[in-house]
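Student: Below are the structure tokens for one structure; questions will follow.
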There are 2 protein chains.
Amino acid sequence: MAPSSDNREHFADLLSRRVDERESQLVLGLDPDPMALWPSSAQTHGDGSAAERAAAAVLSHCCALIDAVAPACVAIKPQLACFERLGAPGWTALAGVVEHAKAHGLLVIADGKRGDVPVSAQAYAQALLAQTPTPFGAVKGLEADLCTVNPLMGKDSMEPFVALARANRRGVLALVRTSNEGAKDIEDLKLADGRPMWERLALMIGELGVEGVGQSGLSDVGAVLGATAPAHLARARELMPHAVFLLPGVGAQGGTVESLAAAFSAGRAGGLITASRSIAGAHLLATQDPPDAARAEAERLRAAAWGLC
Amino acid sequence: MAPSSDNREHFADLLSRRVDERESQLVLGLDPDPMALWPSSAQTHGDGSAAERAAAAVLSHCCALIDAVAPACVAIKPQLACFERLGAPGWTALAGVVEHAKAHGLLVIADGKRGDVPVSAQAYAQALLAQTPTPFGAVKGLEADLCTVNPLMGKDSMEPFVALARANRRGVLALVRTSNEGAKDIEDLKLADGRPMWERLALMIGELGVEGVGQSGLSDVGAVLGATAPAHLARARELMPHAVFLLPGVGAQGGTVESLAAAFSAGRAGGLITASRSIAGAHLLATQDPPDAARAEAERLRAAAWGLC
């Protein structure tokens with residue numbers, strides 16, 4: 001196991017403990033569209049710029065959603081694009097969302113799918129998981145517990161994320177086989193050895209995680225596997241026996257919780273199920289208020305997943 | 001050619017015109033490390049937080065660099081990670097850098113290597129190339145002329161970038177074969193048809209650009225091809241006859257301008273050569289002040305590239 005700069009718990013052990021304590025593997029995805037916020041948040045917010053007012057509304061919406069569903073969840077997963085599009089006020093709102101989630105005992109997965117040459121990958125890891133040294137003192141990053149990364153550029157583009165995550169007792173989740181229709185275009189390409197390309201991504205991610213396995217048997221390097229392709233999960237588990245699987249695509253994208261049982265063969269924290277629109281938009285299909293509808297849908301998803309393992 | 005919402009010039013035509021006017025295909029990469037700024041910028045900046053002071057120093061450094069080398073360049077390429085790690089003040093500094101570059105007549109390439117499921121890809125495109133509708137009015141994005149994208153997730157993850165770029169007369173540059181050592185791990189994998197995987201990326205990018213070819217013969221969908229693997233350029237040009245090639249890796253990463261001639265077979269704007277550390281750090285290898293050393297190195301690179309085509 002890699003050394004740590006302090007006595008904090010190994011990330012995967014922390015995750016396992018939180019999953020057990022909360023009896024939940026559910027991750028609340030936050031991808032706020034300023035034009036589709038809960039009515040209670042989509043009101044006038046001060047007299048600042050459009051970006052400042054929209055960011056305040058987005059923060060209000062995300063906090064209300066967290067307040068409604070936190071007891072059913074183990075983590076939040078903010079989609080960085082939705083904050084980035086509001087500029088500096090959006091980044092401030094994102095920091096506020098992270099703080100609010102942590103106050104509820106939730107872990108934070110920064111979903112940015114970053115990936116770059118090593119020197120830039122290190123800068124992203126500083127931004128999301130660690131801190132940046134400056135002549136004016138260290139600048140704290142977002143302090144997420146996990147971030148998603150894109151492994152197209154290969155092992156050296158992933159190593160700075162893994163190194164900084166490990167040193168700071170945090171984790172990384174790499175794209176392996178995603179939930180979108182386009183996953184077939186590149187990720188599913190057949191290699192010369194007859195296997196699909198995503199299996200090579202899985203092997204690389206598995207190798208990067210070998211040194212980061214905690215007492216729970218899970219590693220600080222995990223994988224993103226779309227819940228829309230459950231047939232891949234058993235094979236992915238063979239290739240990455242210690243990886244935490246983040247499973248997007250339940251709900252709005254067509255995946256079901258019941259098809260994901262293979263993810264949990266590595267333990268209850270071996271699979272994290274993320275849902276966004278199906279929770280935030282549950283009231284559109286029900287007669288309840290947004291918070292009540294979201295709470296009911298989150299609890300339904302939590303119970304369905306917990307019942308699998 | 002796709003319709004545009006206004007009468008602005010097609011992006012690739014604008015790029016071609018600027019390249020001709022400035023007699024330059026050189027792109028100034030900006031990846032500021034707060035611990036390695038020019039001495040004139042690395043001083044006390046007000047009494048704000050460490051993030052605010054570091055962001056002010058980074059902005060000062062980038063503006064000084066732009067002032068020194070703008071006449072030799074056609075564009076800047078800020079590395080978003082370096083601004084993101086300074087939080088909201090970093091994003092404000094990035095907006096300031098973009099504004100300063102535009103005042104010098106330079107184009108802006110937002111280097112974020114974003115890529116995500118379609119709804120999130122759209123949010124990134126709004127953030128970098130367009131604007132976001134909100135109940136409080138439209139929020140302007142960064143208004144870069146180009147952004148880099150990561151095509152691992154397939155065609156549907158690229159389409160929102162292409163659509164918003166085209167509608168706003170801007171462009172997209174997709175990773176195809178990158179300049180880092182790890183490019184061999186995934187991008188060079190041999191497919192069942194015997195070709196390397198990056199050629200499939202090139203074909204996909206070429207197809208996405210077919211509808212976006214301007215009068216210059218160049219498309220609004222281009223490709224990132226590491227200058228460290230010039231042997232690939234001729235093949236890449238066959239697969240993407242209309243693409244603008246962004247060529248990182250000259251200088252600090254070991255590539256040379258002279259090896260890139262194949263890129264320019266599509267025209268003078270067919271290849272954009274980007275250099276970062278070799279320009280900003282030129283004074284470390286010379287007896288000149290940072291601005292004079294940077295200016296001399298940028299002019300050397302500009303002239304070398306211009307002489308190739």
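Residue numbering restarts at 1 for every chain of the structure tokens, chains are lettered A, B, ... in their displayed order, and ligands are numbered from 1 as they appear.
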Quick one: residues within 9 Å of A:Glu23, only C-alpha atoms counted, chain neighbours fewer than 2 positions away excluded, as number ranges by chain?

Tutor: A: 18-21, 25, 72-74, 302-303, 306

Student: Could you pull the residues within 9 Å of B:Ala75, counting only C-alpha atoms, minus those fewer than 6 positions along the same chain, as a VMD selection string?

Tutor: chain B and resid 25 to 29 101 to 102 105 to 109 272 274

Student: Per DSSP on the backbone, filter stretch 76-306 of chain B down to the residues in strand (DSSP E) and report them as a ChimeraX atom specification.

Tutor: /B:76-78,107-114,131-132,139-140,146-149,171-177,221-225,245-247,271-275

Student: Export, as a compact mmCIF listing (two decimals), in the first residue's frame, the selected residues with N, CA, C and O atoms.

Tutor:
# COMPACT_ATOMS: atom_id res chain seq x y z
N ILE B 76 -3.45 32.07 -29.00
CA ILE B 76 -2.98 31.54 -27.72
C ILE B 76 -3.73 30.26 -27.42
O ILE B 76 -4.83 30.04 -27.92
N LYS B 77 -3.12 29.43 -26.59
CA LYS B 77 -3.78 28.18 -26.18
C LYS B 77 -3.64 28.05 -24.66
O LYS B 77 -2.69 27.46 -24.17
N PRO B 78 -4.58 28.65 -23.91
CA PRO B 78 -4.51 28.47 -22.45
C PRO B 78 -4.87 27.03 -22.06
O PRO B 78 -5.85 26.47 -22.56
N LEU B 107 -6.32 34.72 -31.95
CA LEU B 107 -7.39 33.75 -31.72
C LEU B 107 -7.11 33.02 -30.41
O LEU B 107 -5.99 33.06 -29.89
N VAL B 108 -8.14 32.34 -29.89
CA VAL B 108 -8.03 31.67 -28.59
C VAL B 108 -8.46 30.21 -28.72
O VAL B 108 -9.56 29.93 -29.19
N ILE B 109 -7.57 29.33 -28.31
CA ILE B 109 -7.85 27.89 -28.28
C ILE B 109 -7.95 27.46 -26.83
O ILE B 109 -6.94 27.42 -26.12
N ALA B 110 -9.16 27.16 -26.37
CA ALA B 110 -9.35 26.71 -24.98
C ALA B 110 -8.96 25.24 -24.91
O ALA B 110 -9.66 24.37 -25.44
N ASP B 111 -7.83 24.96 -24.25
CA ASP B 111 -7.31 23.58 -24.22
C ASP B 111 -7.77 22.88 -22.96
O ASP B 111 -7.13 22.94 -21.92
N GLY B 112 -8.93 22.22 -23.07
CA GLY B 112 -9.51 21.53 -21.92
C GLY B 112 -9.70 20.04 -22.16
O GLY B 112 -9.98 19.30 -21.23
N LYS B 113 -9.62 19.62 -23.42
CA LYS B 113 -9.77 18.20 -23.76
C LYS B 113 -11.04 17.62 -23.15
O LYS B 113 -11.05 16.52 -22.62
N ARG B 114 -12.13 18.36 -23.26
CA ARG B 114 -13.41 17.92 -22.71
C ARG B 114 -14.02 16.83 -23.58
O ARG B 114 -13.75 16.74 -24.79
N GLN B 131 -22.97 30.25 -25.38
CA GLN B 131 -23.59 30.86 -24.21
C GLN B 131 -24.64 29.91 -23.65
O GLN B 131 -25.03 28.96 -24.30
N THR B 132 -25.09 30.21 -22.44
CA THR B 132 -26.04 29.34 -21.74
C THR B 132 -27.32 30.13 -21.46
O THR B 132 -27.26 31.19 -20.81
N VAL B 139 -25.98 33.63 -20.36
CA VAL B 139 -24.66 33.78 -19.74
C VAL B 139 -23.63 33.46 -20.80
O VAL B 139 -23.58 32.35 -21.33
N LYS B 140 -22.80 34.46 -21.11
CA LYS B 140 -21.75 34.25 -22.10
C LYS B 140 -20.71 33.27 -21.59
O LYS B 140 -20.30 33.34 -20.44
N LEU B 146 -11.73 28.23 -30.57
CA LEU B 146 -11.60 26.79 -30.72
C LEU B 146 -11.52 26.17 -29.33
O LEU B 146 -11.04 26.82 -28.39
N CYS B 147 -11.93 24.91 -29.23
CA CYS B 147 -11.63 24.18 -28.00
C CYS B 147 -11.16 22.78 -28.37
O CYS B 147 -11.54 22.24 -29.41
N THR B 148 -10.31 22.22 -27.51
CA THR B 148 -9.87 20.84 -27.73
C THR B 148 -10.86 19.89 -27.05
O THR B 148 -11.42 20.20 -25.99
N VAL B 149 -11.09 18.74 -27.70
CA VAL B 149 -12.05 17.76 -27.18
C VAL B 149 -11.42 16.36 -27.23
O VAL B 149 -10.51 16.10 -28.02
N GLY B 171 -14.67 26.63 -33.85
CA GLY B 171 -14.17 25.33 -34.28
C GLY B 171 -13.82 24.42 -33.12
O GLY B 171 -13.83 24.82 -31.95
N VAL B 172 -13.53 23.18 -33.47
CA VAL B 172 -13.24 22.12 -32.50
C VAL B 172 -11.97 21.39 -32.96
O VAL B 172 -11.76 21.19 -34.16
N LEU B 173 -11.13 21.02 -32.01
CA LEU B 173 -9.91 20.25 -32.31
C LEU B 173 -9.93 18.99 -31.46
O LEU B 173 -9.86 19.06 -30.23
N ALA B 174 -10.05 17.83 -32.11
CA ALA B 174 -10.17 16.57 -31.37
C ALA B 174 -8.83 15.87 -31.25
O ALA B 174 -8.05 15.82 -32.21
N LEU B 175 -8.59 15.28 -30.10
CA LEU B 175 -7.37 14.48 -29.91
C LEU B 175 -7.39 13.31 -30.90
O LEU B 175 -8.38 12.60 -31.00
N VAL B 176 -6.30 13.10 -31.59
CA VAL B 176 -6.19 11.95 -32.49
C VAL B 176 -4.96 11.12 -32.10
O VAL B 176 -5.06 9.94 -31.79
N ARG B 177 -3.79 11.75 -32.13
CA ARG B 177 -2.58 11.02 -31.73
C ARG B 177 -1.73 12.03 -30.99
O ARG B 177 -1.18 12.95 -31.59
N VAL B 221 -13.69 21.41 -38.02
CA VAL B 221 -13.34 20.31 -37.13
C VAL B 221 -11.91 19.88 -37.44
O VAL B 221 -11.63 19.38 -38.54
N GLY B 222 -11.03 20.10 -36.50
CA GLY B 222 -9.62 19.79 -36.68
C GLY B 222 -9.15 18.71 -35.72
O GLY B 222 -9.96 18.07 -35.04
N ALA B 223 -7.85 18.49 -35.69
CA ALA B 223 -7.29 17.39 -34.93
C ALA B 223 -6.03 17.82 -34.19
O ALA B 223 -5.29 18.68 -34.66
N VAL B 224 -5.80 17.19 -33.04
CA VAL B 224 -4.56 17.38 -32.30
C VAL B 224 -3.65 16.20 -32.61
O VAL B 224 -4.01 15.04 -32.40
N LEU B 225 -2.48 16.50 -33.13
CA LEU B 225 -1.51 15.47 -33.51
C LEU B 225 -0.15 15.88 -32.96
O LEU B 225 0.39 16.93 -33.32
N PHE B 245 -4.61 20.94 -38.28
CA PHE B 245 -3.86 20.12 -37.31
C PHE B 245 -3.23 21.03 -36.26
O PHE B 245 -2.44 21.91 -36.60
N LEU B 246 -3.55 20.78 -35.02
CA LEU B 246 -2.86 21.45 -33.92
C LEU B 246 -1.71 20.55 -33.51
O LEU B 246 -1.92 19.37 -33.20
N LEU B 247 -0.50 21.10 -33.50
CA LEU B 247 0.71 20.30 -33.36
C LEU B 247 1.48 20.68 -32.10
O LEU B 247 2.39 21.52 -32.15
N GLY B 271 -1.73 23.68 -40.49
CA GLY B 271 -0.98 23.24 -39.31
C GLY B 271 -0.74 24.41 -38.37
O GLY B 271 -0.30 25.48 -38.81
N LEU B 272 -1.07 24.24 -37.13
CA LEU B 272 -0.81 25.25 -36.11
C LEU B 272 0.18 24.65 -35.12
O LEU B 272 -0.05 23.59 -34.55
N ILE B 273 1.28 25.35 -34.95
CA ILE B 273 2.36 24.83 -34.10
C ILE B 273 2.29 25.50 -32.75
O ILE B 273 2.32 26.72 -32.65
N THR B 274 2.17 24.68 -31.72
CA THR B 274 2.04 25.27 -30.39
C THR B 274 3.27 25.00 -29.54
O THR B 274 3.82 23.90 -29.55
N ALA B 275 3.71 26.02 -28.86
CA ALA B 275 4.87 25.91 -27.96
C ALA B 275 4.56 26.69 -26.70
O ALA B 275 3.97 27.77 -26.76

Student: B:Met204, B:Ala296, B:Leu15, B:Leu218: which is nearest B:Glu159, counting only C-alpha atoms?

Tutor: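 Of all the options, B:Met204 lies closest to B:Glu159.
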
Student: Go through B:Gly46, B:Pro135, B:Gly141, B:Gly214 one by one, measure the shortest atom-to-atom distance of each to A:Cys82 using only C-alpha atoms, and give the residue with the smallest value.

Tutor: B:Gly141

Student: How many Å lie between atom CA of B:Asp156 and atom CA of B:Leu203, rounded to one decimal?

Tutor: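 So the two atoms, atom CA of B:Asp156 and atom CA of B:Leu203, lie 14.6 Å apart.
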
Student: Based on the backbone DSSP call, show me all residues of stretch 60-126 of chain A assigned helix (DSSP H, G or I), as a short mmCIF file (atom, residue, chain, number, x, y, z; two decimals) with all heavy atoms, in the first residue's frame.

Tutor:
data_model
loop_
_atom_site.label_atom_id
_atom_site.label_comp_id
_atom_site.auth_asym_id
_atom_site.auth_seq_id
_atom_site.Cartn_x
_atom_site.Cartn_y
_atom_site.Cartn_z
N SER A 60 -28.80 27.03 -5.05
CA SER A 60 -30.03 26.83 -4.25
C SER A 60 -30.71 25.51 -4.63
O SER A 60 -31.10 24.72 -3.77
CB SER A 60 -30.96 28.02 -4.47
OG SER A 60 -32.27 27.72 -4.03
N HIS A 61 -30.80 25.25 -5.93
CA HIS A 61 -31.43 24.02 -6.43
C HIS A 61 -30.67 22.79 -5.94
O HIS A 61 -31.27 21.83 -5.43
CB HIS A 61 -31.45 24.07 -7.96
CG HIS A 61 -31.79 22.78 -8.64
ND1 HIS A 61 -33.08 22.41 -8.93
CD2 HIS A 61 -31.00 21.78 -9.09
CE1 HIS A 61 -33.08 21.22 -9.53
NE2 HIS A 61 -31.81 20.82 -9.64
N CYS A 62 -29.35 22.82 -6.09
CA CYS A 62 -28.56 21.64 -5.70
C CYS A 62 -28.64 21.40 -4.20
O CYS A 62 -28.73 20.24 -3.75
CB CYS A 62 -27.10 21.82 -6.13
SG CYS A 62 -26.87 21.77 -7.92
N CYS A 63 -28.62 22.48 -3.41
CA CYS A 63 -28.70 22.31 -1.96
C CYS A 63 -30.07 21.76 -1.55
O CYS A 63 -30.16 20.90 -0.66
CB CYS A 63 -28.40 23.63 -1.25
SG CYS A 63 -26.67 24.12 -1.37
N ALA A 64 -31.12 22.23 -2.21
CA ALA A 64 -32.47 21.72 -1.90
C ALA A 64 -32.57 20.23 -2.25
O ALA A 64 -33.18 19.44 -1.51
CB ALA A 64 -33.52 22.52 -2.67
N LEU A 65 -31.96 19.87 -3.36
CA LEU A 65 -31.98 18.46 -3.78
C LEU A 65 -31.19 17.61 -2.78
O LEU A 65 -31.64 16.52 -2.38
CB LEU A 65 -31.37 18.40 -5.18
CG LEU A 65 -31.50 17.19 -6.09
CD1 LEU A 65 -32.90 16.65 -6.14
CD2 LEU A 65 -31.04 17.59 -7.50
N ILE A 66 -30.04 18.10 -2.37
CA ILE A 66 -29.24 17.37 -1.37
C ILE A 66 -30.02 17.23 -0.06
O ILE A 66 -30.08 16.15 0.53
CB ILE A 66 -27.88 18.08 -1.15
CG1 ILE A 66 -27.00 17.93 -2.40
CG2 ILE A 66 -27.17 17.53 0.08
CD1 ILE A 66 -25.76 18.81 -2.39
N ASP A 67 -30.64 18.33 0.37
CA ASP A 67 -31.44 18.27 1.60
C ASP A 67 -32.53 17.21 1.51
O ASP A 67 -32.82 16.51 2.48
CB ASP A 67 -32.10 19.64 1.87
CG ASP A 67 -31.09 20.72 2.27
OD1 ASP A 67 -29.97 20.36 2.69
OD2 ASP A 67 -31.42 21.91 2.14
N ALA A 68 -33.12 17.08 0.32
CA ALA A 68 -34.25 16.14 0.16
C ALA A 68 -33.80 14.69 0.18
O ALA A 68 -34.48 13.83 0.74
CB ALA A 68 -34.99 16.45 -1.15
N VAL A 69 -32.66 14.39 -0.46
CA VAL A 69 -32.34 12.98 -0.70
C VAL A 69 -31.09 12.47 0.04
O VAL A 69 -30.76 11.29 -0.07
CB VAL A 69 -32.19 12.68 -2.21
CG1 VAL A 69 -33.42 13.15 -2.97
CG2 VAL A 69 -30.92 13.28 -2.79
N ALA A 70 -30.40 13.34 0.77
CA ALA A 70 -29.13 12.93 1.40
C ALA A 70 -29.23 11.62 2.18
O ALA A 70 -28.34 10.77 2.09
CB ALA A 70 -28.59 14.05 2.28
N PRO A 71 -30.30 11.40 2.97
CA PRO A 71 -30.31 10.17 3.77
C PRO A 71 -30.29 8.88 2.93
O PRO A 71 -29.87 7.84 3.43
CB PRO A 71 -31.63 10.28 4.55
CG PRO A 71 -31.93 11.73 4.59
CD PRO A 71 -31.44 12.27 3.28
N ALA A 72 -30.71 8.97 1.67
CA ALA A 72 -30.73 7.78 0.82
C ALA A 72 -29.43 7.59 0.03
O ALA A 72 -29.30 6.60 -0.67
CB ALA A 72 -31.92 7.85 -0.15
N LEU A 80 -19.19 18.79 -13.80
CA LEU A 80 -18.47 20.06 -13.80
C LEU A 80 -18.89 20.98 -14.94
O LEU A 80 -18.88 22.20 -14.80
CB LEU A 80 -16.96 19.82 -13.84
CG LEU A 80 -16.37 19.01 -12.67
CD1 LEU A 80 -14.85 19.18 -12.64
CD2 LEU A 80 -16.96 19.36 -11.32
N ALA A 81 -19.29 20.40 -16.07
CA ALA A 81 -19.69 21.22 -17.22
C ALA A 81 -20.81 22.19 -16.86
O ALA A 81 -20.85 23.32 -17.35
CB ALA A 81 -20.15 20.32 -18.38
N CYS A 82 -21.72 21.72 -16.00
CA CYS A 82 -22.90 22.53 -15.68
C CYS A 82 -22.55 23.73 -14.81
O CYS A 82 -23.31 24.69 -14.74
CB CYS A 82 -23.95 21.67 -15.01
SG CYS A 82 -24.62 20.41 -16.13
N PHE A 83 -21.42 23.66 -14.15
CA PHE A 83 -20.96 24.80 -13.33
C PHE A 83 -20.01 25.67 -14.15
O PHE A 83 -20.06 26.90 -14.09
CB PHE A 83 -20.31 24.28 -12.05
CG PHE A 83 -21.28 23.51 -11.19
CD1 PHE A 83 -21.48 22.14 -11.38
CD2 PHE A 83 -22.05 24.16 -10.24
CE1 PHE A 83 -22.41 21.43 -10.62
CE2 PHE A 83 -22.98 23.46 -9.47
CZ PHE A 83 -23.16 22.09 -9.67
N GLU A 84 -19.15 25.00 -14.91
CA GLU A 84 -18.19 25.71 -15.77
C GLU A 84 -18.88 26.68 -16.71
O GLU A 84 -18.33 27.74 -17.02
CB GLU A 84 -17.42 24.64 -16.55
CG GLU A 84 -16.21 25.10 -17.27
CD GLU A 84 -15.35 23.91 -17.74
OE1 GLU A 84 -14.93 23.09 -16.90
OE2 GLU A 84 -15.10 23.82 -18.95
N GLY A 87 -19.15 30.24 -15.58
CA GLY A 87 -17.94 31.02 -15.34
C GLY A 87 -17.52 31.00 -13.87
O GLY A 87 -17.80 30.05 -13.13
N ALA A 88 -16.84 32.06 -13.44
CA ALA A 88 -16.33 32.13 -12.06
C ALA A 88 -17.46 31.96 -11.04
O ALA A 88 -17.30 31.23 -10.06
CB ALA A 88 -15.56 33.43 -11.84
N PRO A 89 -18.63 32.60 -11.24
CA PRO A 89 -19.72 32.37 -10.26
C PRO A 89 -20.15 30.90 -10.22
O PRO A 89 -20.54 30.39 -9.16
CB PRO A 89 -20.86 33.26 -10.77
CG PRO A 89 -20.18 34.32 -11.60
CD PRO A 89 -19.00 33.64 -12.23
N GLY A 90 -20.06 30.22 -11.35
CA GLY A 90 -20.39 28.80 -11.38
C GLY A 90 -19.42 27.98 -10.56
O GLY A 90 -19.81 27.04 -9.85
N TRP A 91 -18.13 28.34 -10.64
CA TRP A 91 -17.14 27.62 -9.86
C TRP A 91 -17.34 27.86 -8.35
O TRP A 91 -17.20 26.96 -7.53
CB TRP A 91 -15.72 28.01 -10.30
CG TRP A 91 -14.72 26.99 -9.89
CD1 TRP A 91 -13.96 27.00 -8.76
CD2 TRP A 91 -14.40 25.76 -10.57
NE1 TRP A 91 -13.18 25.85 -8.70
CE2 TRP A 91 -13.43 25.08 -9.79
CE3 TRP A 91 -14.84 25.17 -11.77
CZ2 TRP A 91 -12.89 23.85 -10.17
CZ3 TRP A 91 -14.30 23.94 -12.13
CH2 TRP A 91 -13.35 23.30 -11.34
N THR A 92 -17.73 29.07 -8.00
CA THR A 92 -18.04 29.37 -6.60
C THR A 92 -19.26 28.56 -6.14
O THR A 92 -19.28 28.03 -5.02
CB THR A 92 -18.30 30.89 -6.43
OG1 THR A 92 -17.13 31.60 -6.84
CG2 THR A 92 -18.64 31.24 -5.00
N ALA A 93 -20.27 28.46 -7.01
CA ALA A 93 -21.45 27.66 -6.66
C ALA A 93 -21.07 26.19 -6.47
O ALA A 93 -21.54 25.53 -5.55
CB ALA A 93 -22.51 27.79 -7.77
N LEU A 94 -20.18 25.70 -7.32
CA LEU A 94 -19.74 24.31 -7.21
C LEU A 94 -19.07 24.07 -5.85
O LEU A 94 -19.35 23.07 -5.17
CB LEU A 94 -18.76 23.98 -8.34
CG LEU A 94 -18.09 22.62 -8.31
CD1 LEU A 94 -19.12 21.49 -8.38
CD2 LEU A 94 -17.09 22.49 -9.47
N ALA A 95 -18.21 25.01 -5.44
CA ALA A 95 -17.57 24.88 -4.13
C ALA A 95 -18.62 24.87 -3.02
O ALA A 95 -18.49 24.12 -2.04
CB ALA A 95 -16.56 26.02 -3.92
N GLY A 96 -19.67 25.66 -3.18
CA GLY A 96 -20.75 25.68 -2.20
C GLY A 96 -21.51 24.36 -2.15
O GLY A 96 -21.91 23.89 -1.08
N VAL A 97 -21.72 23.76 -3.31
CA VAL A 97 -22.41 22.47 -3.37
C VAL A 97 -21.58 21.40 -2.67
O VAL A 97 -22.10 20.58 -1.90
CB VAL A 97 -22.67 22.07 -4.85
CG1 VAL A 97 -23.14 20.63 -4.95
CG2 VAL A 97 -23.69 23.02 -5.47
N VAL A 98 -20.27 21.41 -2.91
CA VAL A 98 -19.37 20.44 -2.29
C VAL A 98 -19.42 20.57 -0.76
O VAL A 98 -19.54 19.58 -0.03
CB VAL A 98 -17.93 20.62 -2.80
CG1 VAL A 98 -16.92 19.84 -1.97
CG2 VAL A 98 -17.84 20.23 -4.27
N GLU A 99 -19.37 21.81 -0.30
CA GLU A 99 -19.41 22.06 1.14
C GLU A 99 -20.73 21.57 1.75
O GLU A 99 -20.75 20.94 2.80
CB GLU A 99 -19.23 23.57 1.37
CG GLU A 99 -19.05 23.98 2.81
CD GLU A 99 -18.87 25.50 2.94
OE1 GLU A 99 -18.75 26.18 1.89
OE2 GLU A 99 -18.86 25.98 4.07
N HIS A 100 -21.81 21.85 1.05
CA HIS A 100 -23.14 21.45 1.54
C HIS A 100 -23.25 19.92 1.63
O HIS A 100 -23.77 19.37 2.60
CB HIS A 100 -24.22 22.02 0.62
CG HIS A 100 -25.59 22.00 1.21
ND1 HIS A 100 -25.99 22.87 2.20
CD2 HIS A 100 -26.66 21.20 0.96
CE1 HIS A 100 -27.26 22.62 2.54
NE2 HIS A 100 -27.68 21.60 1.80
N ALA A 101 -22.74 19.25 0.60
CA ALA A 101 -22.81 17.78 0.60
C ALA A 101 -21.98 17.19 1.74
O ALA A 101 -22.43 16.25 2.42
CB ALA A 101 -22.31 17.25 -0.75
N LYS A 102 -20.80 17.75 1.96
CA LYS A 102 -19.95 17.22 3.03
C LYS A 102 -20.60 17.42 4.40
O LYS A 102 -20.48 16.57 5.29
CB LYS A 102 -18.57 17.88 2.98
CG LYS A 102 -17.76 17.41 1.77
CD LYS A 102 -16.32 17.90 1.81
CE LYS A 102 -15.52 17.24 0.69
NZ LYS A 102 -14.09 17.59 0.72
N ALA A 103 -21.32 18.55 4.56
CA ALA A 103 -22.02 18.79 5.83
C ALA A 103 -23.10 17.74 6.07
O ALA A 103 -23.48 17.47 7.21
CB ALA A 103 -22.63 20.19 5.83
N PRO A 118 1.11 14.59 -18.76
CA PRO A 118 1.35 14.50 -17.32
C PRO A 118 1.36 15.83 -16.57
O PRO A 118 0.73 15.95 -15.51
CB PRO A 118 2.71 13.79 -17.26
CG PRO A 118 2.71 12.91 -18.47
CD PRO A 118 2.02 13.71 -19.54
N VAL A 119 2.04 16.85 -17.10
CA VAL A 119 2.14 18.10 -16.34
C VAL A 119 0.76 18.74 -16.17
O VAL A 119 0.46 19.34 -15.13
CB VAL A 119 3.15 19.08 -17.00
CG1 VAL A 119 2.69 19.52 -18.37
CG2 VAL A 119 3.41 20.28 -16.12
N SER A 120 -0.11 18.59 -17.17
CA SER A 120 -1.45 19.17 -17.07
C SER A 120 -2.38 18.28 -16.25
O SER A 120 -3.26 18.76 -15.54
CB SER A 120 -2.03 19.40 -18.47
OG SER A 120 -1.16 20.22 -19.22
N ALA A 121 -2.18 16.96 -16.36
CA ALA A 121 -2.96 16.04 -15.51
C ALA A 121 -2.69 16.33 -14.04
O ALA A 121 -3.61 16.31 -13.21
CB ALA A 121 -2.59 14.59 -15.85
N GLN A 122 -1.44 16.65 -13.74
CA GLN A 122 -1.11 17.01 -12.36
C GLN A 122 -1.86 18.27 -11.93
O GLN A 122 -2.36 18.36 -10.80
CB GLN A 122 0.41 17.23 -12.24
CG GLN A 122 0.81 17.99 -11.00
CD GLN A 122 1.86 17.27 -10.18
OE1 GLN A 122 2.10 16.07 -10.33
NE2 GLN A 122 2.48 18.01 -9.31
N ALA A 123 -1.96 19.23 -12.82
CA ALA A 123 -2.68 20.47 -12.50
C ALA A 123 -4.16 20.19 -12.24
O ALA A 123 -4.77 20.75 -11.33
CB ALA A 123 -2.50 21.50 -13.62
N TYR A 124 -4.75 19.30 -13.05
CA TYR A 124 -6.16 18.94 -12.81
C TYR A 124 -6.32 18.22 -11.48
O TYR A 124 -7.29 18.45 -10.75
CB TYR A 124 -6.68 18.04 -13.94
CG TYR A 124 -7.14 18.78 -15.16
CD1 TYR A 124 -6.64 18.48 -16.42
CD2 TYR A 124 -8.11 19.79 -15.08
CE1 TYR A 124 -7.06 19.15 -17.55
CE2 TYR A 124 -8.54 20.47 -16.20
CZ TYR A 124 -8.02 20.15 -17.45
OH TYR A 124 -8.44 20.82 -18.56
N ALA A 125 -5.38 17.33 -11.18
CA ALA A 125 -5.47 16.61 -9.90
C ALA A 125 -5.35 17.57 -8.73
O ALA A 125 -6.05 17.44 -7.72
CB ALA A 125 -4.40 15.52 -9.84
N GLN A 126 -4.47 18.57 -8.88
CA GLN A 126 -4.38 19.61 -7.84
C GLN A 126 -5.72 20.34 -7.71
O GLN A 126 -6.18 20.63 -6.62
CB GLN A 126 -3.28 20.61 -8.19
CG GLN A 126 -1.86 20.01 -8.07
CD GLN A 126 -0.78 20.96 -8.57
OE1 GLN A 126 -1.01 21.75 -9.49
NE2 GLN A 126 0.41 20.87 -7.99
#

Student: Neighbouring residues of stretch 8-11 of chain B were defined as those with any atom within 9 Å, considering only C-alpha atoms; residues of the same chain fewer than 3 positions away were excluded. Please report them as a list in words.

Tutor: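 The residues that qualify are Ser4, Ser5, Leu14, Leu15, Ser16, Asp145, Leu146, Ala165, Arg166, Asn168, Arg169, Arg170, Gly171, Gly212, Val213, Gly214, Gln215, Ser219 and Asp220 of chain B.
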